[in-house]
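Before any comments, here is the structure.
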Amino acid sequence: MKKFLVGLVVGAILAFPLGINFGKDVPLLSNPFAAKPDISERVKERAKETLEETKEAIHEATKPVQDKLKK
């Protein structure tokens with residue numbers, strides 16, 4: 001029973017930083033207490049990426065109509 005409890009404590013100590021990194025979407029073996037970019041900056045970056053993807057999707061969807069208008 002003593003070995004089980006020691007293993008449980010050691011496992012928890014090792015798993016805690018890995019869980020933090022997994023939740024932050026950073027490499028698992030990086031520093032879990034390092035500063036991460038502000039949430040507003042992350043939202044702006046993702047919104048910009050999504051906007052670009054949306055523009056490309058609309059362009060691809062309307063390409064047949066544009067080709068017909070050019071003829």
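Just so we're on the same page: first chain in the structure tokens is A, next is B, and so on; residues restart at 1 for each chain, and ligands are numbered from 1 in the order they show up.
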
| Selection: 7 Å around segment 5-20 of chain A, only C-alpha atoms, excl. self and same-chain fewer than 4 positions, as a PyMOL selection string | chain A and resi 1+24+28-29+32

Selected residues written out with N, CA and C atoms, as a short mmCIF file (atom, residue, chain, number, x, y, z; two decimals), in the first residue's frame:
data_model
loop_
_atom_site.label_atom_id
_atom_site.label_comp_id
_atom_site.auth_asym_id
_atom_site.auth_seq_id
_atom_site.Cartn_x
_atom_site.Cartn_y
_atom_site.Cartn_z
N MET A 1 0.82 -1.20 0.00
CA MET A 1 0.00 0.00 0.00
C MET A 1 0.87 1.26 0.00
N LYS A 24 -3.36 24.34 -22.20
CA LYS A 24 -2.98 25.60 -22.86
C LYS A 24 -2.61 25.41 -24.32
N LEU A 28 4.04 19.71 -24.44
CA LEU A 28 3.88 19.15 -23.11
C LEU A 28 5.09 19.37 -22.20
N LEU A 29 6.29 19.37 -22.74
CA LEU A 29 7.47 19.49 -21.90
C LEU A 29 7.97 20.93 -21.76
N PRO A 32 5.26 25.15 -17.75
CA PRO A 32 3.83 25.40 -17.59
C PRO A 32 3.50 26.76 -16.97
#

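With atom CA of Lys63 of chain A on one side and atom CA of Leu51 of chain A on the other, the separation reads 18.1 Å.
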
| Those in chain A with helix (DSSP H, G or I) from DSSP, as JSON, numbers by chain | {"A": [2, 3, 4, 5, 6, 7, 8, 9, 10, 11, 12, 13, 14, 15, 16, 17, 18, 19, 20, 21, 22, 23, 39, 40, 41, 42, 43, 44, 45, 46, 47, 48, 49, 50, 51, 52, 53, 54, 55, 56, 57, 58, 59, 60, 61, 62, 63, 64, 65, 66, 67, 68, 69, 70]}

| message | Between atom CA of Val43 of chain A and atom CA of Thr62 of chain A, what is the distance in Å, rounded to a tenth? | response | 28.2 Å
